[in-house]
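S.K.: File model_18.cif below, mmCIF, C-alpha atoms:
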```cif
data_query
#
loop_
_atom_site.group_PDB
_atom_site.id
_atom_site.type_symbol
_atom_site.label_atom_id
_atom_site.label_comp_id
_atom_site.auth_asym_id
_atom_site.auth_seq_id
_atom_site.Cartn_x
_atom_site.Cartn_y
_atom_site.Cartn_z
ATOM 1 C CA MET Q 1 67.473 139.362 48.929
ATOM 2 C CA ASP Q 2 66.077 136.032 47.777
ATOM 3 C CA ILE Q 3 66.793 133.285 45.289
ATOM 4 C CA GLY Q 4 64.244 134.603 42.795
ATOM 5 C CA THR Q 5 65.856 138.050 42.739
ATOM 6 C CA LEU Q 6 69.349 136.624 42.377
ATOM 7 C CA THR Q 7 68.373 134.274 39.547
ATOM 8 C CA ALA Q 8 66.298 136.878 37.691
ATOM 9 C CA TYR Q 9 68.979 139.554 37.793
ATOM 10 C CA PHE Q 10 72.197 137.569 37.583
ATOM 11 C CA GLY Q 11 71.095 134.333 35.910
ATOM 12 C CA GLY Q 12 72.985 132.396 38.581
ATOM 13 C CA TRP Q 13 74.114 132.624 42.158
ATOM 14 C CA SER Q 14 75.845 130.690 44.849
ATOM 15 C CA TYR Q 15 75.224 130.454 48.568
ATOM 16 C CA THR Q 16 77.925 129.185 50.876
ATOM 17 C CA PHE Q 17 77.059 128.378 54.482
ATOM 18 C CA THR Q 18 79.846 128.304 57.044
ATOM 19 C CA PRO Q 19 80.006 128.246 60.842
ATOM 20 C CA LEU Q 20 82.723 130.944 60.692
ATOM 21 C CA GLN Q 21 81.900 134.573 61.458
ATOM 22 C CA PRO Q 22 81.519 136.740 58.291
ATOM 23 C CA GLN Q 23 84.906 138.464 58.478
ATOM 24 C CA ASN Q 24 86.678 135.173 59.192
ATOM 25 C CA ALA Q 25 84.818 133.515 56.318
ATOM 26 C CA LEU Q 26 85.843 136.234 53.854
ATOM 27 C CA HIS Q 27 89.456 135.946 55.062
ATOM 28 C CA ALA Q 28 89.354 132.143 54.647
ATOM 29 C CA ILE Q 29 88.141 132.590 51.063
ATOM 30 C CA GLY Q 30 91.076 134.912 50.429
ATOM 31 C CA THR Q 31 89.233 138.180 49.934
ATOM 32 C CA SER Q 32 90.718 141.623 50.436
ATOM 33 C CA SER Q 33 89.238 145.108 50.878
ATOM 34 C CA ILE Q 34 86.721 143.807 53.433
ATOM 35 C CA GLN Q 35 84.236 146.482 54.402
ATOM 36 C CA GLN Q 36 80.687 146.887 55.645
ATOM 37 C CA VAL Q 37 78.072 147.239 52.919
ATOM 38 C CA ALA Q 38 74.604 148.718 53.512
ATOM 39 C CA ASP Q 39 72.778 146.959 50.660
ATOM 40 C CA PRO Q 40 74.368 143.652 49.585
ATOM 41 C CA LEU Q 41 72.130 143.176 46.542
ATOM 42 C CA ALA Q 42 72.906 146.691 45.272
ATOM 43 C CA ALA Q 43 76.630 146.049 45.800
ATOM 44 C CA LEU Q 44 76.434 142.785 43.820
ATOM 45 C CA ARG Q 45 74.471 144.504 41.038
ATOM 46 C CA GLU Q 46 76.975 147.360 40.850
ATOM 47 C CA ALA Q 47 79.896 144.946 40.709
ATOM 48 C CA ASP Q 48 78.122 142.938 37.989
ATOM 49 C CA ASP Q 49 77.183 146.014 35.935
ATOM 50 C CA GLU Q 50 80.606 147.632 36.153
ATOM 51 C CA GLY Q 51 82.529 144.392 35.730
ATOM 52 C CA VAL Q 52 85.049 143.799 38.471
ATOM 53 C CA GLU Q 53 86.863 140.929 36.793
ATOM 54 C CA ASP Q 54 90.006 143.070 36.516
ATOM 55 C CA ASP Q 55 89.987 143.638 40.260
ATOM 56 C CA GLY Q 56 88.426 140.348 41.319
ATOM 57 C CA ILE Q 57 85.021 139.029 42.276
ATOM 58 C CA LEU Q 58 82.810 140.669 44.898
ATOM 59 C CA LEU Q 59 81.401 138.430 47.638
ATOM 60 C CA VAL Q 60 79.071 139.511 50.442
ATOM 61 C CA ALA Q 61 78.649 137.786 53.815
ATOM 62 C CA SER Q 62 76.457 138.076 56.898
ATOM 63 C CA ARG Q 63 75.497 136.040 59.951
ATOM 64 C CA VAL Q 64 72.005 134.728 59.126
ATOM 65 C CA SER Q 65 71.402 132.530 62.180
ATOM 66 C CA PRO Q 66 73.221 131.822 65.439
ATOM 67 C CA ALA Q 67 75.014 128.913 63.754
ATOM 68 C CA TRP Q 68 75.522 130.022 60.152
ATOM 69 C CA THR Q 69 77.139 132.733 58.054
ATOM 70 C CA LEU Q 70 75.934 133.096 54.482
ATOM 71 C CA VAL Q 71 78.376 134.087 51.707
ATOM 72 C CA VAL Q 72 76.797 135.125 48.383
ATOM 73 C CA GLU Q 73 78.604 135.132 45.053
ATOM 74 C CA THR Q 74 76.979 135.878 41.709
ATOM 75 C CA PHE Q 75 79.841 135.971 39.213
ATOM 76 C CA GLY Q 76 80.210 132.369 38.162
ATOM 77 C CA LEU Q 77 81.329 132.632 34.548
ATOM 78 C CA THR Q 78 84.680 131.038 35.341
ATOM 79 C CA GLY Q 79 83.414 128.918 38.219
ATOM 80 C CA PHE Q 80 82.346 129.899 41.695
ATOM 81 C CA ILE Q 81 85.189 130.431 44.148
ATOM 82 C CA CYS Q 82 83.569 128.692 47.107
ATOM 83 C CA CYS Q 83 82.946 125.397 45.297
ATOM 84 C CA ASP Q 84 86.647 124.585 45.638
ATOM 85 C CA ARG Q 85 87.221 121.748 48.106
ATOM 86 C CA HIS Q 86 90.173 123.521 49.703
ATOM 87 C CA ILE Q 87 88.053 126.650 50.307
ATOM 88 C CA LEU Q 88 85.203 124.608 51.823
ATOM 89 C CA GLU Q 89 87.679 122.895 54.137
ATOM 90 C CA GLN Q 90 88.880 126.328 55.289
ATOM 91 C CA LEU Q 91 85.269 127.380 55.937
ATOM 92 C CA ARG Q 92 84.444 124.760 58.574
ATOM 93 C CA HIS Q 93 85.158 123.892 62.169
ATOM 94 C CA PRO Q 94 85.877 120.296 63.280
ATOM 95 C CA GLY Q 95 82.598 118.441 63.590
ATOM 96 C CA GLN Q 96 80.729 121.058 61.543
ATOM 97 C CA ARG Q 97 80.131 121.127 57.821
ATOM 98 C CA SER Q 98 80.509 123.871 55.264
ATOM 99 C CA VAL Q 99 78.054 123.811 52.385
ATOM 100 C CA PHE Q 100 78.085 125.337 48.899
ATOM 101 C CA PHE Q 101 75.044 125.631 46.600
ATOM 102 C CA PHE Q 102 74.800 127.143 43.183
ATOM 103 C CA GLU Q 103 71.964 127.526 40.768
ATOM 104 C CA ASN Q 104 71.549 128.956 37.301
ATOM 105 C CA ASP Q 105 69.001 128.401 34.560
ATOM 106 C CA GLU Q 106 70.391 124.972 33.666
ATOM 107 C CA ASP Q 107 72.111 123.590 36.732
ATOM 108 C CA ALA Q 108 71.778 123.282 40.497
ATOM 109 C CA LYS Q 109 74.371 121.564 42.658
ATOM 110 C CA MET Q 110 75.354 121.235 46.296
ATOM 111 C CA MET Q 111 78.880 120.460 47.485
ATOM 112 C CA CYS Q 112 80.103 120.197 51.040
ATOM 113 C CA VAL Q 113 82.754 119.067 53.414
ATOM 114 C CA ASP Q 114 80.656 117.065 55.838
ATOM 115 C CA THR Q 115 81.082 116.778 59.603
ATOM 116 C CA GLY Q 116 83.247 113.697 59.224
ATOM 117 C CA GLU Q 117 85.591 115.622 56.914
ATOM 118 C CA THR Q 118 84.201 113.844 53.884
ATOM 119 C CA TRP Q 119 83.711 115.553 50.539
ATOM 120 C CA CYS Q 120 80.385 115.058 48.800
ATOM 121 C CA GLY Q 121 78.087 116.544 46.209
ATOM 122 C CA LEU Q 122 74.522 116.426 44.969
ATOM 123 C CA ASP Q 123 73.079 117.275 41.574
ATOM 124 C CA MET Q 124 69.754 118.709 42.638
ATOM 125 C CA HIS Q 125 68.070 118.146 39.269
ATOM 126 C CA THR Q 126 68.744 114.424 39.060
ATOM 127 C CA GLY Q 127 69.308 113.555 42.698
ATOM 128 C CA ARG Q 128 72.684 112.049 41.760
ATOM 129 C CA ARG Q 129 75.272 112.113 44.547
ATOM 130 C CA TRP Q 130 79.036 111.697 44.494
ATOM 131 C CA GLY Q 131 81.764 111.441 47.064
ATOM 132 C CA THR Q 132 81.096 110.259 50.598
ATOM 133 C CA THR Q 133 78.055 111.594 52.403
ATOM 134 C CA GLY Q 134 77.965 111.199 56.179
ATOM 135 C CA GLU Q 135 75.065 109.224 57.624
ATOM 136 C CA GLN Q 136 73.289 112.242 59.121
ATOM 137 C CA LEU Q 137 73.428 114.258 55.891
ATOM 138 C CA ALA Q 138 72.479 111.234 53.774
ATOM 139 C CA GLU Q 139 69.383 110.668 55.912
ATOM 140 C CA ALA Q 140 68.407 114.353 55.747
ATOM 141 C CA LEU Q 141 68.759 114.354 51.946
ATOM 142 C CA ASN Q 142 66.676 111.177 51.684
ATOM 143 C CA GLU Q 143 63.912 112.788 53.751
ATOM 144 C CA ALA Q 144 64.093 115.931 51.574
ATOM 145 C CA GLY Q 145 63.324 113.877 48.451
ATOM 146 C CA PHE Q 146 66.850 113.210 47.166
ATOM 147 C CA PRO Q 147 67.030 109.400 47.458
ATOM 148 C CA SER Q 148 70.332 107.568 47.538
ATOM 149 C CA GLU Q 149 71.305 104.032 46.663
ATOM 150 C CA GLY Q 150 75.004 103.350 46.743
ATOM 151 C CA PRO Q 151 77.387 106.020 45.513
ATOM 152 C CA TYR Q 152 74.821 107.481 43.085
ATOM 153 C CA ALA Q 153 71.183 108.279 43.546
ATOM 154 C CA ASP Q 154 68.258 107.455 41.355
ATOM 155 C CA ILE Q 155 66.474 110.356 39.739
ATOM 156 C CA ALA Q 156 64.211 111.876 42.379
ATOM 157 C CA ASN Q 157 60.758 110.348 42.008
ATOM 158 C CA PRO Q 158 58.449 112.159 41.827
ATOM 159 C CA PRO Q 159 60.542 115.000 40.425
ATOM 160 C CA ILE Q 160 60.994 117.926 42.803
ATOM 161 C CA PRO Q 161 59.700 121.222 41.328
ATOM 162 C CA HIS Q 162 62.579 123.411 40.163
ATOM 163 C CA ASP Q 163 61.842 126.218 42.625
ATOM 164 C CA GLU Q 164 61.927 123.770 45.551
ATOM 165 C CA LEU Q 165 65.277 122.131 44.751
ATOM 166 C CA ALA Q 166 67.613 124.570 46.478
ATOM 167 C CA PRO Q 167 65.388 125.290 49.503
ATOM 168 C CA ARG Q 168 64.978 121.543 50.167
ATOM 169 C CA ALA Q 169 68.669 120.771 49.792
ATOM 170 C CA ILE Q 170 69.710 123.780 51.874
ATOM 171 C CA HIS Q 171 67.313 122.789 54.647
ATOM 172 C CA ALA Q 172 68.584 119.202 54.580
ATOM 173 C CA ALA Q 173 72.235 120.281 54.846
ATOM 174 C CA THR Q 174 71.925 123.215 57.245
ATOM 175 C CA GLY Q 175 68.537 122.996 58.963
ATOM 176 C CA LEU Q 176 67.798 126.522 57.694
ATOM 177 C CA GLU Q 177 64.579 127.584 56.019
ATOM 178 C CA LEU Q 178 65.400 130.119 53.291
ATOM 179 C CA PRO Q 179 62.340 132.324 53.863
ATOM 180 C CA ALA Q 180 63.217 132.558 57.565
ATOM 181 C CA LEU Q 181 66.830 133.685 57.102
ATOM 182 C CA ASP Q 182 67.732 136.885 58.939
ATOM 183 C CA LEU Q 183 69.039 139.042 56.104
ATOM 184 C CA ASP Q 184 68.807 142.289 58.064
ATOM 185 C CA GLY Q 185 72.107 141.916 59.918
ATOM 186 C CA VAL Q 186 75.448 143.524 59.176
ATOM 187 C CA TRP Q 187 76.771 142.626 55.722
ATOM 188 C CA LEU Q 188 80.434 142.679 54.748
ATOM 189 C CA SER Q 189 81.869 142.620 51.259
ATOM 190 C CA GLY Q 190 85.247 141.512 50.025
ATOM 191 C CA ILE Q 191 87.074 141.120 46.734
ATOM 192 C CA ALA Q 192 88.408 137.670 45.804
ATOM 193 C CA ARG Q 193 91.159 137.653 43.179
#
```
Could I get this file's structure written as structure tokens?
M.R.:
Amino acid sequence: MDIGTLTAYFGGWSYTFTPLQPQNALHAIGTSSIQQVADPLAALREADDEGVEDDGILLVASRVSPAWTLVVETFGLTGFICCDRHILEQLRHPGQRSVFFFENDEDAKMMCVDTGETWCGLDMHTGRRWGTTGEQLAEALNEAGFPSEGPYADIANPPIPHDELAPRAIHAATGLELPALDLDGVWLSGIAR
């Protein structure tokens, strides 16, 4: 499963990174019917093709590194569930951040509850930030090419290629390299209503 596959098939996707274990993360989001799923991409495709909006939205989650669980959601027509500040606060431990990214053909944003319990966001296309970004995250975003001056950033100069926006922002916020994620672990699915 990779960003290209998710964007090509679904037109949009979201990744949420949390220090919680997968089952705990799905519980914190408020999902039910949690079960193991052999092929997360096939499960997301089936849910998308059959339309689960009557029953809820399917999310899949797996531990992708010793420190991070990844939650994937593809049904964003009415807004992604994990971008809610309350949900992101439930998905973190004290002193650790939870991070939400979404991308579709026209938009790419990051939102997180930072380690200092501050709420912040980044428009990856323009480099514009909002909220309060902790010093460590602000420095990592600057180094990744998303400059900041005051509460809002200037447009990234030179512009970051579209296909590098999410990987750069994800690495800045989590330290993870997308191509190196361990996607072969146990995946769980759950339905969010």
S.K.: Taking only C-alpha atoms into account, name the residue in Q:Gly127, Q:Gly116, Q:Ile34, Q:Leu183 that is nearest to Pro158 in chain Q.
M.R.: Q:Gly127
S.K.: Which is closest to Asp182 in chain Q among Q:Gly145, Q:Pro19, Q:Gly30, Q:Pro66, if we use all atoms listed in the file?
M.R.: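 So, comparing all the options, the nearest one is Q:Pro66.
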S.K.: Quick one: distance from CA of Pro94 in chain Q to CA of Ala25 in chain Q in Å, one decimal?
M.R.: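 Between these atoms lies a distance of 15.0 Å.
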S.K.: Tell me, in Å to one decimal, how far CA of Gln35 in chain Q is from CA of Glu73 in chain Q.
M.R.: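 Atom-to-atom, CA of Gln35 in chain Q to CA of Glu73 in chain Q, that is 15.7 Å.
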S.K.: Under the rule that only C-alpha atoms are counted, which of Q:Ala67, Q:Met124, Q:Ile57, Q:Val99 is the nearest residue to Ile160 in chain Q?
M.R.: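 Result for the nearest residue to Ile160 in chain Q: Q:Met124.
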S.K.: Give me, please, the distance in Å between CA of Ser148 in chain Q and CA of Gly134 in chain Q, quoted to one decimal.
M.R.: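 Separation of CA of Ser148 in chain Q and CA of Gly134 in chain Q: 12.1 Å.
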S.K.: Once the PyMOL selection byres ((chain Q and resi 81) around 12) has been applied to the shown file, what residues remain in the selection, as an NGL selection string?
M.R.: :Q and (13-16 or 26 or 28-31 or 56-59 or 71-80 or 82-88 or 100-102 or 191-193)
S.K.: Return as a ChimeraX atom specification the set of residues that the PyMOL selection byres ((chain Q and resi 166) around 12) yields on the displayed structure.
M.R.: /Q:2-4,7,13-15,100-104,107-110,122-125,127,141,144-146,160-165,167-174,176-179
S.K.: Can you translate the PyMOL selection byres ((chain Q and resi 119) around 8) into the concrete residues it hits in this file, as a compact mmCIF listing (two decimals) with C-alpha atoms, keeping the file's coordinate frame?
M.R.:
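The result, stored in selection15.txt:
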```txt
# COMPACT_ATOMS: atom_id res chain seq x y z
CA ARG Q 85 87.22 121.75 48.11
CA MET Q 111 78.88 120.46 47.48
CA CYS Q 112 80.10 120.20 51.04
CA VAL Q 113 82.75 119.07 53.41
CA ASP Q 114 80.66 117.06 55.84
CA GLU Q 117 85.59 115.62 56.91
CA THR Q 118 84.20 113.84 53.88
CA CYS Q 120 80.39 115.06 48.80
CA GLY Q 121 78.09 116.54 46.21
CA GLY Q 131 81.76 111.44 47.06
CA THR Q 132 81.10 110.26 50.60
CA THR Q 133 78.06 111.59 52.40
```
S.K.: Using only C-alpha atoms, which of the listed residues (Q:Val64, Q:Ala138, Q:Leu70, Q:Ala47) sits closest to Gly185 in chain Q?
M.R.: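 Of the candidates, the smallest distance to Gly185 in chain Q is held by Q:Val64.
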S.K.: Considering all atoms listed in the file, state which residue in the set Q:Pro147, Q:Arg92, Q:Ala43, Q:Thr115 is at the smallest distance from Arg129 in chain Q.
M.R.: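 Looking only at the distances to Arg129 in chain Q, the closest residue turns out to be Q:Pro147.
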S.K.: Taking into account all atoms listed in the file, which residue in the set Q:Thr18, Q:Pro159, Q:Arg97, Q:Gln136 is nearest to Ser62 in chain Q?
M.R.: Q:Thr18
S.K.: Box in all listed atoms of range 86-101 of chain Q, axis-aligned, with 5 Å more on each side; write out centre and edge lengths in Å to one decimal as lines of an AutoDock Vina configuration file.
M.R.:
```
center_x = 82.6
center_y = 122.9
center_z = 55.1
size_x = 25.1
size_y = 18.9
size_z = 27.0
```
S.K.: Would you mind completing range 27-49 of chain Q so that it carries N, CA, C and O atoms, and writing it out as an mmCIF file, keeping the file's coordinate frame?
M.R.:
```
data_model
loop_
_atom_site.group_PDB
_atom_site.id
_atom_site.type_symbol
_atom_site.label_atom_id
_atom_site.label_comp_id
_atom_site.auth_asym_id
_atom_site.auth_seq_id
_atom_site.Cartn_x
_atom_site.Cartn_y
_atom_site.Cartn_z
ATOM 1 N N HIS Q 27 88.003 136.150 55.006
ATOM 2 C CA HIS Q 27 89.456 135.946 55.062
ATOM 3 C C HIS Q 27 89.823 134.539 54.588
ATOM 4 O O HIS Q 27 90.786 134.361 53.846
ATOM 5 N N ALA Q 28 89.061 133.529 55.025
ATOM 6 C CA ALA Q 28 89.354 132.143 54.647
ATOM 7 C C ALA Q 28 89.227 131.940 53.135
ATOM 8 O O ALA Q 28 89.947 131.130 52.555
ATOM 9 N N ILE Q 29 88.327 132.681 52.517
ATOM 10 C CA ILE Q 29 88.141 132.590 51.063
ATOM 11 C C ILE Q 29 89.288 133.287 50.338
ATOM 12 O O ILE Q 29 89.576 133.004 49.183
ATOM 13 N N GLY Q 30 89.958 134.200 51.032
ATOM 14 C CA GLY Q 30 91.076 134.912 50.429
ATOM 15 C C GLY Q 30 90.696 136.263 49.875
ATOM 16 O O GLY Q 30 91.342 136.762 48.953
ATOM 17 N N THR Q 31 89.647 136.872 50.431
ATOM 18 C CA THR Q 31 89.233 138.180 49.934
ATOM 19 C C THR Q 31 90.056 139.281 50.580
ATOM 20 O O THR Q 31 90.647 139.120 51.642
ATOM 21 N N SER Q 32 90.068 140.429 49.912
ATOM 22 C CA SER Q 32 90.718 141.623 50.436
ATOM 23 C C SER Q 32 89.699 142.762 50.391
ATOM 24 O O SER Q 32 88.583 142.583 49.909
ATOM 25 N N SER Q 33 90.104 143.917 50.874
ATOM 26 C CA SER Q 33 89.238 145.108 50.878
ATOM 27 C C SER Q 33 87.907 144.826 51.570
ATOM 28 O O SER Q 33 86.847 145.213 51.076
ATOM 29 N N ILE Q 34 87.955 144.132 52.706
ATOM 30 C CA ILE Q 34 86.721 143.807 53.433
ATOM 31 C C ILE Q 34 86.171 145.071 54.074
ATOM 32 O O ILE Q 34 86.898 145.805 54.742
ATOM 33 N N GLN Q 35 84.892 145.308 53.839
ATOM 34 C CA GLN Q 35 84.236 146.482 54.402
ATOM 35 C C GLN Q 35 82.756 146.211 54.586
ATOM 36 O O GLN Q 35 82.199 145.289 53.983
ATOM 37 N N GLN Q 36 82.128 147.018 55.436
ATOM 38 C CA GLN Q 36 80.687 146.887 55.645
ATOM 39 C C GLN Q 36 79.960 147.444 54.427
ATOM 40 O O GLN Q 36 80.400 148.421 53.819
ATOM 41 N N VAL Q 37 78.858 146.803 54.069
ATOM 42 C CA VAL Q 37 78.072 147.239 52.919
ATOM 43 C C VAL Q 37 76.610 147.340 53.360
ATOM 44 O O VAL Q 37 76.088 146.436 54.012
ATOM 45 N N ALA Q 38 75.970 148.471 53.047
ATOM 46 C CA ALA Q 38 74.604 148.718 53.512
ATOM 47 C C ALA Q 38 73.577 147.858 52.779
ATOM 48 O O ALA Q 38 72.643 147.351 53.381
ATOM 49 N N ASP Q 39 73.745 147.698 51.476
ATOM 50 C CA ASP Q 39 72.778 146.959 50.660
ATOM 51 C C ASP Q 39 73.532 145.917 49.838
ATOM 52 O O ASP Q 39 74.105 146.249 48.788
ATOM 53 N N PRO Q 40 73.556 144.659 50.296
ATOM 54 C CA PRO Q 40 74.368 143.652 49.585
ATOM 55 C C PRO Q 40 73.921 143.406 48.153
ATOM 56 O O PRO Q 40 74.752 143.202 47.270
ATOM 57 N N LEU Q 41 72.619 143.419 47.899
ATOM 58 C CA LEU Q 41 72.130 143.176 46.542
ATOM 59 C C LEU Q 41 72.562 144.308 45.612
ATOM 60 O O LEU Q 41 73.018 144.069 44.490
ATOM 61 N N ALA Q 42 72.462 145.554 46.078
ATOM 62 C CA ALA Q 42 72.906 146.691 45.272
ATOM 63 C C ALA Q 42 74.404 146.610 44.998
ATOM 64 O O ALA Q 42 74.856 146.906 43.888
ATOM 65 N N ALA Q 43 75.184 146.186 45.994
ATOM 66 C CA ALA Q 43 76.630 146.049 45.800
ATOM 67 C C ALA Q 43 76.935 144.989 44.755
ATOM 68 O O ALA Q 43 77.800 145.183 43.886
ATOM 69 N N LEU Q 44 76.226 143.849 44.806
ATOM 70 C CA LEU Q 44 76.434 142.785 43.820
ATOM 71 C C LEU Q 44 76.025 143.250 42.427
ATOM 72 O O LEU Q 44 76.697 142.964 41.439
ATOM 73 N N ARG Q 45 74.914 143.984 42.342
ATOM 74 C CA ARG Q 45 74.471 144.504 41.038
ATOM 75 C C ARG Q 45 75.494 145.479 40.469
ATOM 76 O O ARG Q 45 75.812 145.434 39.278
ATOM 77 N N GLU Q 46 75.988 146.381 41.315
ATOM 78 C CA GLU Q 46 76.975 147.360 40.850
ATOM 79 C C GLU Q 46 78.234 146.667 40.359
ATOM 80 O O GLU Q 46 78.767 146.995 39.301
ATOM 81 N N ALA Q 47 78.702 145.688 41.118
ATOM 82 C CA ALA Q 47 79.896 144.946 40.709
ATOM 83 C C ALA Q 47 79.653 144.229 39.386
ATOM 84 O O ALA Q 47 80.518 144.206 38.509
ATOM 85 N N ASP Q 48 78.450 143.657 39.219
ATOM 86 C CA ASP Q 48 78.122 142.938 37.989
ATOM 87 C C ASP Q 48 78.028 143.903 36.810
ATOM 88 O O ASP Q 48 78.538 143.633 35.732
ATOM 89 N N ASP Q 49 77.370 145.051 37.016
ATOM 90 C CA ASP Q 49 77.183 146.014 35.935
ATOM 91 C C ASP Q 49 78.497 146.655 35.505
ATOM 92 O O ASP Q 49 78.732 146.884 34.320
#
```
